[in-house]
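See below for upload_39.cif, which holds mmCIF, C-alpha atoms.
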```cif
data_coords
loop_
_atom_site.label_atom_id
_atom_site.label_comp_id
_atom_site.auth_asym_id
_atom_site.auth_seq_id
_atom_site.Cartn_x
_atom_site.Cartn_y
_atom_site.Cartn_z
CA MET A 1 0.00 0.00 0.00
CA LEU A 2 1.41 3.41 -0.96
CA CYS A 3 1.33 6.06 1.77
CA VAL A 4 2.54 9.58 1.07
CA VAL A 5 3.71 11.89 3.84
CA LEU A 6 3.43 15.60 3.28
CA VAL A 7 4.81 18.38 5.40
CA GLY A 8 2.22 20.02 7.65
CA CYS A 9 0.99 23.04 9.63
CA GLY A 10 -1.98 24.66 11.57
CA PHE A 11 -5.47 26.49 13.65
CA THR A 12 -8.02 27.13 16.56
CA ALA A 13 -6.38 28.19 19.77
CA THR A 14 -7.13 26.97 23.26
CA ALA A 15 -9.19 28.91 25.76
CA ILE A 16 -7.83 32.09 27.33
CA GLY A 17 -5.70 31.26 30.32
CA PRO A 18 -4.97 33.10 33.56
CA ALA A 19 -2.18 35.59 33.92
CA PRO A 20 1.34 34.10 34.06
CA GLY A 21 2.24 32.68 37.45
CA GLN A 22 -1.39 32.30 38.58
CA ASP A 23 -1.80 28.67 37.55
CA ALA A 24 0.09 25.62 38.77
CA GLY A 25 0.21 24.40 35.19
CA ILE A 26 2.44 27.27 34.09
CA VAL A 27 6.21 27.10 34.48
CA PRO A 28 7.91 30.50 34.84
CA ALA A 29 9.84 31.72 31.80
CA VAL A 30 13.39 30.38 31.72
CA ASP A 31 14.72 33.54 30.09
CA ALA A 32 13.46 36.86 31.32
CA SER A 33 14.47 38.49 28.05
CA ALA A 34 12.26 36.11 26.04
CA THR A 35 9.17 38.29 25.75
CA THR A 36 6.87 39.19 22.92
CA ASP A 37 6.43 42.76 24.23
CA THR A 38 7.96 45.76 22.45
CA PRO A 39 8.79 48.69 24.73
CA PRO A 40 6.56 51.68 23.91
CA PRO A 41 8.17 54.86 22.60
CA PRO A 42 8.66 57.72 25.04
CA PRO A 43 5.77 60.22 25.23
CA PRO A 44 6.09 63.34 23.09
CA PRO A 45 7.80 66.24 24.88
CA GLY A 46 5.21 68.43 26.55
CA GLY A 47 2.34 66.28 25.21
CA ASP A 48 -0.24 64.03 26.81
CA PRO A 49 1.75 61.35 28.68
CA ASN A 50 -0.97 58.84 27.72
CA ASP A 51 -0.62 59.66 24.01
CA LEU A 52 2.47 57.60 23.30
CA ASP A 53 2.15 57.70 19.50
CA GLY A 54 1.24 61.37 19.21
CA ASP A 55 -2.00 60.78 17.30
CA GLY A 56 -4.13 62.91 19.61
CA VAL A 57 -5.71 59.94 21.41
CA GLY A 58 -4.61 59.37 24.98
CA SER A 59 -6.14 56.85 27.36
CA GLY A 60 -8.04 54.10 25.57
CA ASP A 61 -6.03 54.35 22.31
CA ASN A 62 -6.65 51.05 20.47
CA CYS A 63 -3.17 51.29 18.91
CA PRO A 64 -1.17 53.00 21.65
CA THR A 65 2.18 52.79 19.83
CA VAL A 66 0.98 53.26 16.24
CA ALA A 67 -0.57 56.58 15.17
CA ASN A 68 -4.21 56.08 14.13
CA PRO A 69 -6.29 59.16 14.91
CA ASP A 70 -9.37 57.57 13.27
CA GLN A 71 -9.26 54.60 15.72
CA ARG A 72 -10.73 52.35 13.02
CA ASP A 73 -11.36 48.78 14.28
CA THR A 74 -13.02 46.82 11.46
CA ASP A 75 -13.41 43.53 13.35
CA ARG A 76 -14.29 45.21 16.66
CA ASP A 77 -11.82 43.17 18.69
CA GLY A 78 -10.44 46.16 20.56
CA VAL A 79 -7.28 46.40 18.44
CA GLY A 80 -7.18 49.15 15.81
CA ASP A 81 -6.66 48.23 12.16
CA ALA A 82 -3.35 50.08 12.10
CA CYS A 83 -1.76 47.58 14.50
CA ASP A 84 -4.05 44.54 14.17
CA ASN A 85 -2.36 41.39 12.86
CA CYS A 86 -5.81 40.11 11.77
CA PRO A 87 -7.67 43.34 10.89
CA THR A 88 -10.80 41.63 9.50
CA ILE A 89 -11.01 38.63 11.89
CA ALA A 90 -11.51 39.22 15.59
CA ASN A 91 -8.50 38.13 17.66
CA PRO A 92 -8.37 40.24 20.81
CA ALA A 93 -5.15 40.51 22.77
CA ARG A 94 -4.80 37.86 25.47
CA GLN A 95 -2.45 37.32 28.37
CA THR A 96 0.38 34.95 27.44
CA LEU A 97 3.30 33.53 29.41
CA GLY A 98 6.41 35.68 29.01
CA SER A 99 4.50 38.78 27.95
CA LEU A 100 4.07 41.73 30.28
CA ASN A 101 0.83 42.77 28.62
CA PRO A 102 -1.92 41.00 26.65
CA ILE A 103 -0.88 40.29 23.06
CA GLN A 104 -2.41 39.12 19.79
CA ARG A 105 -1.01 35.64 19.43
CA ASP A 106 1.17 34.94 16.38
CA HIS A 107 2.85 31.55 16.82
CA ASP A 108 5.16 31.69 13.81
CA ARG A 109 5.86 35.43 14.19
CA ASP A 110 5.22 36.20 10.54
CA GLY A 111 2.98 39.20 11.25
CA ARG A 112 -0.33 37.36 10.71
CA GLY A 113 -2.13 36.33 13.88
CA ASP A 114 -3.06 32.70 14.45
CA GLU A 115 -6.75 33.31 13.74
CA CYS A 116 -6.18 34.51 10.17
CA ASP A 117 -2.96 32.67 9.29
CA LEU A 118 -3.74 29.68 7.05
CA CYS A 119 -0.54 28.01 8.31
CA PRO A 120 -0.13 29.58 11.76
CA HIS A 121 3.10 27.79 12.67
CA ILE A 122 4.86 28.10 9.31
CA ALA A 123 6.21 31.60 8.75
CA SER A 124 5.59 32.90 5.23
CA ALA A 125 5.00 36.18 3.46
CA THR A 126 1.63 35.13 1.99
CA ASP A 127 -0.95 32.35 2.27
CA VAL A 128 -1.92 30.32 -0.82
CA ASP A 129 -4.98 28.06 -0.52
CA THR A 130 -5.58 26.29 -3.83
CA ASP A 131 -8.64 24.29 -2.78
CA GLY A 132 -10.22 27.05 -0.67
CA ASP A 133 -10.62 24.93 2.47
CA GLY A 134 -8.98 27.45 4.80
CA ILE A 135 -5.74 25.44 5.06
CA GLY A 136 -2.71 26.92 3.31
CA ASP A 137 -1.01 24.84 0.65
CA ALA A 138 2.22 24.85 2.68
CA CYS A 139 0.54 22.84 5.44
CA ASP A 140 -2.33 21.09 3.64
CA PRO A 141 -1.88 17.29 3.36
CA GLN A 142 -4.32 17.38 0.41
CA PRO A 143 -3.84 20.80 -1.23
CA THR A 144 -6.30 20.05 -4.06
CA VAL A 145 -8.98 18.41 -1.89
CA ARG A 146 -11.28 20.36 0.43
CA ASN A 147 -10.74 19.15 3.99
CA PRO A 148 -12.71 19.88 7.16
CA PRO A 149 -11.34 22.83 9.17
CA ALA A 150 -7.92 22.22 10.68
CA PHE A 151 -7.20 22.17 14.41
CA PHE A 152 -4.26 24.14 15.76
CA ASN A 153 -3.12 24.55 19.36
CA GLY A 154 -0.09 26.75 19.96
CA PHE A 155 0.13 25.60 23.61
CA TYR A 156 -0.11 29.09 25.10
CA ASP A 157 -2.28 27.93 28.02
CA PRO A 158 -2.35 24.82 30.24
CA PRO A 159 -4.54 21.91 29.08
CA ASP A 160 -8.21 22.66 29.70
CA GLY A 161 -11.17 20.35 30.22
CA THR A 162 -11.08 19.09 26.63
CA TRP A 163 -7.90 17.13 27.44
CA SER A 164 -7.67 13.98 29.54
CA SER A 165 -5.23 11.21 30.47
CA PRO A 166 -6.34 7.57 30.24
CA ALA A 167 -5.78 5.00 32.99
CA SER A 168 -2.07 4.35 33.62
CA GLY A 169 -1.27 7.34 31.41
CA GLY A 170 -0.15 9.77 34.08
CA SER A 171 -2.11 12.95 34.77
CA VAL A 172 -3.11 16.04 32.82
CA SER A 173 -1.23 18.02 35.47
CA ASP A 174 2.01 16.41 34.21
CA TRP A 175 1.71 18.69 31.16
CA VAL A 176 2.67 22.33 31.74
CA VAL A 177 3.27 25.47 29.70
CA GLU A 178 6.94 26.34 29.36
CA ARG A 179 8.85 28.96 27.39
CA ARG A 180 12.29 27.80 26.26
CA ALA A 181 15.36 30.01 26.22
CA ASP A 182 14.87 30.79 22.51
CA GLY A 183 11.48 32.35 23.31
CA THR A 184 9.31 29.55 21.89
CA LEU A 185 6.30 28.52 23.95
CA GLY A 186 4.91 24.98 24.25
CA TRP A 187 3.75 22.12 26.47
CA LYS A 188 6.24 20.09 28.46
CA GLN A 189 5.62 16.64 29.91
CA ARG A 190 7.80 17.17 32.95
CA VAL A 191 7.78 13.78 34.70
CA LEU A 192 10.73 11.43 34.19
CA ASP A 193 10.03 8.08 35.83
CA GLY A 194 11.45 5.15 33.89
CA SER A 195 9.32 2.77 31.86
CA LYS A 196 6.05 4.62 32.31
CA ARG A 197 3.64 6.19 29.85
CA HIS A 198 2.35 9.75 30.02
CA GLN A 199 -0.52 10.32 27.60
CA ILE A 200 -2.80 13.27 26.98
CA LEU A 201 -5.75 13.03 24.57
CA LEU A 202 -8.05 15.62 23.03
CA ALA A 203 -11.77 14.92 23.37
CA GLY A 204 -13.55 13.76 20.21
CA ASP A 205 -13.09 11.00 17.65
CA HIS A 206 -11.90 11.38 14.07
CA LYS A 207 -11.71 9.10 11.02
CA GLU A 208 -8.55 9.86 9.05
CA HIS A 209 -5.50 11.54 10.48
CA PHE A 210 -2.77 13.96 9.49
CA ILE A 211 -0.88 15.27 12.50
CA ASP A 212 2.12 17.56 12.85
CA THR A 213 4.19 18.66 15.85
CA VAL A 214 7.70 19.61 16.91
CA ILE A 215 9.31 17.59 19.71
CA VAL A 216 12.28 18.48 21.90
CA VAL A 217 13.43 15.65 24.18
CA GLU A 218 14.75 17.16 27.41
CA ALA A 219 15.63 14.06 29.46
CA ILE A 220 15.76 10.28 28.98
CA SER A 221 15.49 7.61 31.67
CA PRO A 222 18.16 4.88 31.61
CA ALA A 223 17.18 1.37 30.64
CA ASP A 224 15.58 -0.68 33.38
CA ALA A 225 14.31 -4.23 33.86
CA THR A 226 11.11 -3.40 31.97
CA SER A 227 12.49 -1.80 28.80
CA GLY A 228 15.47 -0.18 27.17
CA LEU A 229 13.35 1.73 24.64
CA ARG A 230 12.12 5.27 25.30
CA ASN A 231 9.94 7.37 22.99
CA ALA A 232 7.95 10.55 22.57
CA GLY A 233 5.56 11.63 19.86
CA ALA A 234 2.15 12.61 18.62
CA THR A 235 -0.72 10.16 18.85
CA TYR A 236 -2.49 10.19 15.51
CA GLY A 237 -5.00 7.46 16.26
CA PHE A 238 -6.40 5.82 19.35
CA LEU A 239 -8.82 2.99 19.92
CA ARG A 240 -10.03 0.44 22.45
CA SER A 241 -9.47 -3.29 21.95
CA GLY A 242 -11.14 -5.26 24.70
CA THR A 243 -9.70 -3.82 27.88
CA SER A 244 -6.63 -2.34 26.16
CA ASN A 245 -5.85 1.10 24.76
CA ILE A 246 -4.10 1.07 21.38
CA TYR A 247 -2.19 4.10 20.12
CA PHE A 248 -0.79 4.95 16.69
CA ASP A 249 2.23 7.18 17.30
CA CYS A 250 4.66 9.24 15.22
CA GLY A 251 7.79 10.56 16.86
CA VAL A 252 11.24 9.67 18.16
CA GLN A 253 12.71 6.61 19.85
CA ARG A 254 15.83 6.13 21.93
CA ASP A 255 17.41 2.70 22.38
CA GLU A 256 19.22 3.16 25.69
CA VAL A 257 20.84 -0.30 25.54
CA ASN A 258 22.52 0.25 22.17
CA ALA A 259 22.74 4.07 22.40
CA LYS A 260 20.89 4.68 19.12
CA ASN A 261 18.28 7.25 18.04
CA PHE A 262 15.36 6.61 15.68
CA ILE A 263 12.39 8.18 13.98
CA GLU A 264 9.49 5.91 14.88
CA GLY A 265 6.06 5.03 13.54
CA ALA A 266 4.42 2.63 15.96
CA VAL A 267 1.30 0.84 17.09
CA ILE A 268 1.40 0.55 20.86
CA GLU A 269 -0.98 -1.50 23.01
CA GLU A 270 -0.82 0.05 26.48
CA ASP A 271 3.00 0.02 26.84
CA THR A 272 3.77 -2.86 24.46
CA LEU A 273 4.98 -2.28 20.90
CA ASN A 274 2.79 -4.26 18.50
CA VAL A 275 4.20 -2.64 15.36
CA ASP A 276 7.48 -0.75 15.57
CA LYS A 277 8.83 0.70 12.33
CA THR A 278 11.96 2.80 12.72
CA VAL A 279 14.71 4.45 10.75
CA GLU A 280 17.92 5.43 12.52
CA SER A 281 18.37 9.16 12.96
CA PRO A 282 21.82 10.73 12.54
CA VAL A 283 20.97 13.58 14.91
CA ALA A 284 21.10 13.54 18.70
CA LEU A 285 17.69 13.64 20.36
CA LEU A 286 18.41 15.66 23.47
CA ASN A 287 17.54 19.35 23.06
CA THR A 288 17.07 19.01 19.30
CA ARG A 289 13.94 20.22 17.52
CA ILE A 290 12.45 17.25 15.64
CA HIS A 291 9.60 17.98 13.23
CA ALA A 292 7.33 14.92 13.30
CA VAL A 293 4.57 14.47 10.70
CA GLY A 294 2.33 11.40 10.71
CA THR A 295 -0.58 10.05 8.66
CA ALA A 296 -3.06 7.26 9.26
CA THR A 297 -5.12 6.43 6.16
CA LYS A 298 -7.82 3.77 6.12
CA THR A 299 -8.57 1.66 3.04
CA GLY A 300 -11.04 -1.16 3.51
CA GLY A 301 -9.98 -3.11 6.57
CA ASN A 302 -6.38 -1.90 6.52
CA THR A 303 -4.73 1.23 7.79
CA ALA A 304 -1.54 2.65 6.30
CA LEU A 305 0.62 4.43 8.86
CA ALA A 306 3.47 6.75 7.92
CA CYS A 307 5.78 8.97 9.92
CA ALA A 308 8.52 11.39 8.91
CA GLY A 309 10.87 13.23 11.26
CA GLY A 310 13.32 16.04 10.69
CA ASP A 311 14.88 15.36 7.27
CA PRO A 312 12.00 14.27 4.98
CA ALA A 313 14.13 11.28 4.00
CA LEU A 314 13.74 9.94 7.55
CA ARG A 315 10.38 8.28 7.08
CA VAL A 316 8.83 4.97 7.99
CA ALA A 317 5.63 3.20 6.96
CA ALA A 318 3.56 0.27 8.15
CA THR A 319 0.28 -1.41 7.25
CA LEU A 320 -1.96 -3.06 9.80
CA THR A 321 -5.46 -4.44 10.13
CA GLY A 322 -7.68 -2.11 12.08
CA SER A 323 -8.87 1.45 12.18
CA PRO A 324 -7.14 4.72 13.07
CA ASP A 325 -10.43 6.18 14.34
CA GLY A 326 -10.24 7.88 17.70
CA ALA A 327 -8.59 10.66 19.64
CA ILE A 328 -5.40 12.58 18.91
CA GLY A 329 -2.85 13.76 21.42
CA LEU A 330 0.69 13.55 22.78
CA ARG A 331 2.61 10.75 24.46
CA THR A 332 5.93 10.09 26.20
CA PHE A 333 7.44 6.87 27.57
CA GLY A 334 10.57 7.07 29.73
CA MET A 335 11.20 10.64 28.57
CA SER A 336 10.39 14.18 29.50
CA ALA A 337 9.74 16.19 26.35
CA TRP A 338 8.58 19.61 25.16
CA PHE A 339 6.11 20.04 22.26
CA ASP A 340 5.87 23.27 20.27
CA TYR A 341 2.30 22.92 18.92
CA LEU A 342 -0.23 20.42 17.61
CA PHE A 343 -1.75 20.65 14.13
CA TYR A 344 -4.35 18.21 12.88
CA VAL A 345 -6.34 17.68 9.67
CA GLU A 346 -8.97 15.01 9.11
CA THR A 347 -8.10 13.95 5.58
CA VAL A 348 -10.59 12.88 2.91
CA PRO A 349 -10.42 9.19 1.89
CA GLN A 350 -9.08 8.72 -1.61
#
```
As a first step, turn the structure in this file into structure tokens.
Amino acid sequence: MLCVVLVGCGFTATAIGPAPGQDAGIVPAVDASATTDTPPPPPPPGGDPNDLDGDGVGSGDNCPTVANPDQRDTDRDGVGDACDNCPTIANPARQTLGSLNPIQRDHDRDGRGDECDLCPHIASATDVDTDGDGIGDACDPQPTVRNPPAFFNGFYDPPDGTWSSPASGGSVSDWVVERRADGTLGWKQRVLDGSKRHQILLAGDHKEHFIDTVIVVEAISPADATSGLRNAGATYGFLRSGTSNIYFDCGVQRDEVNAKNFIEGAVIEEDTLNVDKTVESPVALLNTRIHAVGTATKTGGNTALACAGGDPALRVAATLTGSPDGAIGLRTFGMSAWFDYLFYVETVPQ
């Protein structure tokens, strides 16, 4: 069975979170200089100290650092058109870890806010959307087929009530918001406890899967009597089989016994590998950004799994009997890892 992996991207942010430091699920910024705020210009000499941009509007200016005397706000989100990164789609400024003031969230920092960016985690000058499905060609697994709306979570806020951990999968509280030293914000699974699984799943079931994330492994447990393999990745399929949970995963694997690193596409029943397809990775895993893209495509009674990581040449594929239907999410086993975002598209069967 032929399975093609395409490079992916993102939409739909999580709920507004509390101010930084007010939630146990938020880890303080590791670099105080890593902030998305731009210092305002000094007030004009002798002018209104509240009129920082000199446009004649003091307190309540909807663009306090960009002159806009007309105060035009087309989408009525409280941010004036002159400084709005989505001027026709409402995306009000929200409190975000590492920012002194509320900001309009722009994950890829390309000047277009997440709500109007057709690939919100892939920086680009323009968006091209050939099939008109609201997913940019640069991140659309089927750029000529109209797909359902994409899901994107930039991990600005701790997991809310739409996320859960299954039995023996740790706790939702194991996943926290953390800003790395380079300023990027994401979710970290912070618990390192040997041959144990930490799983977080998004509510809702889906049929076909295209999932994209970036993984940074921060620590790896040594081999123990249970297993010498450790892994972390995105879950792009989940189902129940009797009393067992079965996961389809795309991500990275570390063989602690033989000191080797792999890109891995796997079918995992609880903590047992049923299907384990790997390709050795030439790059070290620790503190390296690995771009993992996985697909699960159903044809008849078979499902074709594919996973690519980092270099597009590092890809693996497997075919199994069964269905990829189910929840999507993130998973670690014997690792603590940081994830930059999660992007998901339910693809259209061919």
I'd like a table as JSON lines: residues in segment 168-284 of chain A with an atom no more than 6 Å from segment 307-329 of chain A, each row giving the shortest atom pair and its distance in Å to one decimal, all atoms listed in the file counted, sorted by chain and rising residue number.
```
{"residue": "A:Ile200", "atom": "CA", "partner": "A:Gly329", "partner_atom": "CA", "distance": 5.6}
{"residue": "A:Leu201", "atom": "CA", "partner": "A:Gly329", "partner_atom": "CA", "distance": 4.3}
{"residue": "A:Leu202", "atom": "CA", "partner": "A:Gly329", "partner_atom": "CA", "distance": 5.8}
{"residue": "A:Gly204", "atom": "CA", "partner": "A:Ala327", "partner_atom": "CA", "distance": 5.9}
{"residue": "A:Asp205", "atom": "CA", "partner": "A:Gly326", "partner_atom": "CA", "distance": 4.2}
{"residue": "A:His206", "atom": "CA", "partner": "A:Gly326", "partner_atom": "CA", "distance": 5.3}
{"residue": "A:Lys207", "atom": "CA", "partner": "A:Asp325", "partner_atom": "CA", "distance": 4.6}
{"residue": "A:Ala234", "atom": "CA", "partner": "A:Gly329", "partner_atom": "CA", "distance": 5.8}
{"residue": "A:Thr235", "atom": "CA", "partner": "A:Gly329", "partner_atom": "CA", "distance": 4.9}
{"residue": "A:Tyr236", "atom": "CA", "partner": "A:Ile328", "partner_atom": "CA", "distance": 5.1}
{"residue": "A:Gly237", "atom": "CA", "partner": "A:Pro324", "partner_atom": "CA", "distance": 4.7}
{"residue": "A:Phe238", "atom": "CA", "partner": "A:Gly326", "partner_atom": "CA", "distance": 4.7}
{"residue": "A:Leu239", "atom": "CA", "partner": "A:Gly326", "partner_atom": "CA", "distance": 5.6}
{"residue": "A:Cys250", "atom": "CA", "partner": "A:Cys307", "partner_atom": "CA", "distance": 5.4}
{"residue": "A:Ile263", "atom": "CA", "partner": "A:Gly309", "partner_atom": "CA", "distance": 5.9}
{"residue": "A:Gly265", "atom": "CA", "partner": "A:Cys307", "partner_atom": "CA", "distance": 5.4}
```
Residues as selected, C-alpha atoms, written as a tab-separated table (two decimals), in the frame of the given file, can you do that?
```
chain	number	residue	atom	x	y	z
A	200	ILE	CA	-2.80	13.27	26.98
A	201	LEU	CA	-5.75	13.03	24.57
A	202	LEU	CA	-8.05	15.62	23.03
A	204	GLY	CA	-13.55	13.76	20.21
A	205	ASP	CA	-13.09	11.00	17.65
A	206	HIS	CA	-11.90	11.38	14.07
A	207	LYS	CA	-11.71	9.10	11.02
A	234	ALA	CA	2.15	12.61	18.62
A	235	THR	CA	-0.72	10.16	18.85
A	236	TYR	CA	-2.49	10.19	15.51
A	237	GLY	CA	-5.00	7.46	16.26
A	238	PHE	CA	-6.40	5.82	19.35
A	239	LEU	CA	-8.82	2.99	19.92
A	250	CYS	CA	4.66	9.24	15.22
A	263	ILE	CA	12.39	8.18	13.98
A	265	GLY	CA	6.06	5.03	13.54
```
Q | Picked residues, the PyMOL selection byres ((chain A and resi 144-154) around 7), as an MDAnalysis selection string | A | chainID A and resid 10:14 107 130:135 142:143 155:156 186 340:348
Selection file, C-alpha atoms, as a short mmCIF file (atom, residue, chain, number, x, y, z; two decimals), keeping the file's coordinate frame:
```cif
data_model
loop_
_atom_site.label_atom_id
_atom_site.label_comp_id
_atom_site.auth_asym_id
_atom_site.auth_seq_id
_atom_site.Cartn_x
_atom_site.Cartn_y
_atom_site.Cartn_z
CA GLY A 10 -1.98 24.66 11.57
CA PHE A 11 -5.47 26.49 13.65
CA THR A 12 -8.02 27.13 16.56
CA ALA A 13 -6.38 28.19 19.77
CA THR A 14 -7.13 26.97 23.26
CA HIS A 107 2.85 31.55 16.82
CA THR A 130 -5.58 26.29 -3.83
CA ASP A 131 -8.64 24.29 -2.78
CA GLY A 132 -10.22 27.05 -0.67
CA ASP A 133 -10.62 24.93 2.47
CA GLY A 134 -8.98 27.45 4.80
CA ILE A 135 -5.74 25.44 5.06
CA GLN A 142 -4.32 17.38 0.41
CA PRO A 143 -3.84 20.80 -1.23
CA PHE A 155 0.13 25.60 23.61
CA TYR A 156 -0.11 29.09 25.10
CA GLY A 186 4.91 24.98 24.25
CA ASP A 340 5.87 23.27 20.27
CA TYR A 341 2.30 22.92 18.92
CA LEU A 342 -0.23 20.42 17.61
CA PHE A 343 -1.75 20.65 14.13
CA TYR A 344 -4.35 18.21 12.88
CA VAL A 345 -6.34 17.68 9.67
CA GLU A 346 -8.97 15.01 9.11
CA THR A 347 -8.10 13.95 5.58
CA VAL A 348 -10.59 12.88 2.91
#
```
Pro69 of chain A surroundings by only C-alpha atoms, 10 Å radius, close-in-sequence under 3 positions cut, as an mmCIF file with C-alpha atoms, keeping the file's coordinate frame:
```
data_model
loop_
_atom_site.group_PDB
_atom_site.id
_atom_site.type_symbol
_atom_site.label_atom_id
_atom_site.label_comp_id
_atom_site.auth_asym_id
_atom_site.auth_seq_id
_atom_site.Cartn_x
_atom_site.Cartn_y
_atom_site.Cartn_z
ATOM 1 C CA ASP A 53 2.150 57.700 19.500
ATOM 2 C CA GLY A 54 1.240 61.370 19.210
ATOM 3 C CA ASP A 55 -2.000 60.780 17.300
ATOM 4 C CA GLY A 56 -4.130 62.910 19.610
ATOM 5 C CA VAL A 57 -5.710 59.940 21.410
ATOM 6 C CA ASP A 61 -6.030 54.350 22.310
ATOM 7 C CA ASN A 62 -6.650 51.050 20.470
ATOM 8 C CA CYS A 63 -3.170 51.290 18.910
ATOM 9 C CA VAL A 66 0.980 53.260 16.240
ATOM 10 C CA ARG A 72 -10.730 52.350 13.020
ATOM 11 C CA ALA A 82 -3.350 50.080 12.100
#
```
Q) In Å, with one decimal, what is the gap from atom CA of Asp157 of chain A to atom CA of Phe248 of chain A? A) 25.7 Å
Q: Please provide the set of residues having any atom within 10 Å of segment 122-127 of chain A, restricted to all atoms listed in the file, with same-chain residues fewer than 6 positions apart removed, written as a PyMOL selection string.
A: chain A and resi 8-10+106-112+116+134-139
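If all atoms listed in the file are the atoms counted, then among A:Asn231, A:Thr213, A:Thr226, A:Asp255 the closest residue to Gly294 of chain A is A:Thr213.
Between atom CA of Gly113 of chain A and atom CA of Trp187 of chain A there is a distance of 19.9 Å.
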Q: Please identify all polymer residues within 9 Å of segment 168-170 of chain A, counting only C-alpha atoms, omitting same-chain residues fewer than 2 positions from it, and present them as a PyMOL selection string.
A: chain A and resi 165-166+172-174+191+196-200+270+331
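With the shown file loaded, the PyMOL selection byres ((chain A and resi 295) around 7) picks out A:Val5, A:His209, A:Phe210, A:Ile211, A:Gly294, A:Ala296, A:Thr297, A:Leu305, A:Ala306, A:Cys307.
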Neighbour list for Asn258 of chain A as a short mmCIF file (atom, residue, chain, number, x, y, z; two decimals) with C-alpha atoms, in the coordinates of the input, cut-off 12 Å, only C-alpha atoms, skip fewer than 3 positions in-chain:
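Final output, around_4.cif:
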```
data_model
loop_
_atom_site.label_atom_id
_atom_site.label_comp_id
_atom_site.auth_asym_id
_atom_site.auth_seq_id
_atom_site.Cartn_x
_atom_site.Cartn_y
_atom_site.Cartn_z
CA PRO A 222 18.16 4.88 31.61
CA ALA A 223 17.18 1.37 30.64
CA GLY A 228 15.47 -0.18 27.17
CA LEU A 229 13.35 1.73 24.64
CA ARG A 230 12.12 5.27 25.30
CA GLN A 253 12.71 6.61 19.85
CA ARG A 254 15.83 6.13 21.93
CA ASP A 255 17.41 2.70 22.38
CA ASN A 261 18.28 7.25 18.04
CA PHE A 262 15.36 6.61 15.68
CA GLU A 280 17.92 5.43 12.52
#
```
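Nearest to Arg180 of chain A of all the residues A:Pro120, A:Val293, A:Asp51, A:Gly98 is A:Gly98, based on all atoms listed in the file.
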Q: Specify as a ChimeraX atom specification each residue included when the PyMOL selection byres ((chain A and resi 190) around 7) is applied to this file.
A: /A:174-175,188-189,191-192,336-337
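Around Met335 of chain A, within 6 Å and counting only C-alpha atoms, the residues found are A:Leu192, A:Ala219, A:Ile220, A:Thr332, A:Phe333, once anything fewer than 2 positions away on its own chain is removed.
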How about saving the chosen residues, C-alpha atoms kept, as a PDB file, in the frame of the given file?
```
ATOM      1  CA  LEU A 192      10.730  11.430  34.190  1.00  0.00           C
ATOM      2  CA  ALA A 219      15.630  14.060  29.460  1.00  0.00           C
ATOM      3  CA  ILE A 220      15.760  10.280  28.980  1.00  0.00           C
ATOM      4  CA  THR A 332       5.930  10.090  26.200  1.00  0.00           C
ATOM      5  CA  PHE A 333       7.440   6.870  27.570  1.00  0.00           C
TER       6      PHE A 333
END
```
Given 3 Å on each side, where is the centre and what are the edge lengths in Å to one decimal of the axis-aligned box enclosing the listed atoms of segment 269-284 of chain A, as AutoDock Vina command-line options?
```
--center_x 10.4 --center_y 4.7 --center_z 18.8 --size_x 28.8 --size_y 23.8 --size_z 22.1
```
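For the choices A:Ala67, A:Ala203, A:Leu285, A:Ala90, the atom-to-atom distance to Glu218 of chain A is smallest for A:Leu285 when using all atoms listed in the file.
Counting from atom CA of Gly58 of chain A, the distance to atom CA of Val79 of chain A is 14.8 Å.
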Q: Measuring atom to atom with all atoms listed in the file, identify which of A:Thr162, A:Asn101, A:Ser227, A:Asn50 is nearest to Leu273 of chain A.
A: A:Ser227
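Closest approach to Ser241 of chain A among A:Val275, A:Ile268, A:Val214, A:Val176: A:Ile268, based on all atoms listed in the file.
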Take segment 319-326 of chain A, bring it up to N, CA and C atoms, and give me the output as a PDB file, keeping the file's coordinate frame.
```pdb
ATOM      1  N   THR A 319       1.681  -1.112   7.547  1.00  0.00           N
ATOM      2  CA  THR A 319       0.280  -1.410   7.250  1.00  0.00           C
ATOM      3  C   THR A 319      -0.220  -2.407   8.287  1.00  0.00           C
ATOM      4  N   LEU A 320      -1.405  -2.163   8.802  1.00  0.00           N
ATOM      5  CA  LEU A 320      -1.960  -3.060   9.800  1.00  0.00           C
ATOM      6  C   LEU A 320      -3.450  -3.210   9.571  1.00  0.00           C
ATOM      7  N   THR A 321      -4.016  -4.241  10.171  1.00  0.00           N
ATOM      8  CA  THR A 321      -5.460  -4.440  10.130  1.00  0.00           C
ATOM      9  C   THR A 321      -6.074  -3.702  11.294  1.00  0.00           C
ATOM     10  N   GLY A 322      -7.061  -2.896  11.022  1.00  0.00           N
ATOM     11  CA  GLY A 322      -7.680  -2.110  12.080  1.00  0.00           C
ATOM     12  C   GLY A 322      -7.989  -0.720  11.605  1.00  0.00           C
ATOM     13  N   SER A 323      -8.419   0.113  12.518  1.00  0.00           N
ATOM     14  CA  SER A 323      -8.870   1.450  12.180  1.00  0.00           C
ATOM     15  C   SER A 323      -8.108   2.499  12.952  1.00  0.00           C
ATOM     16  N   PRO A 324      -7.796   3.649  12.330  1.00  0.00           N
ATOM     17  CA  PRO A 324      -7.140   4.720  13.070  1.00  0.00           C
ATOM     18  C   PRO A 324      -8.131   5.621  13.796  1.00  0.00           C
ATOM     19  N   ASP A 325      -9.431   5.308  13.726  1.00  0.00           N
ATOM     20  CA  ASP A 325     -10.430   6.180  14.340  1.00  0.00           C
ATOM     21  C   ASP A 325     -10.110   6.423  15.809  1.00  0.00           C
ATOM     22  N   GLY A 326     -10.414   7.608  16.281  1.00  0.00           N
ATOM     23  CA  GLY A 326     -10.240   7.880  17.700  1.00  0.00           C
ATOM     24  C   GLY A 326      -9.653   9.238  17.974  1.00  0.00           C
TER      25      GLY A 326
END
```
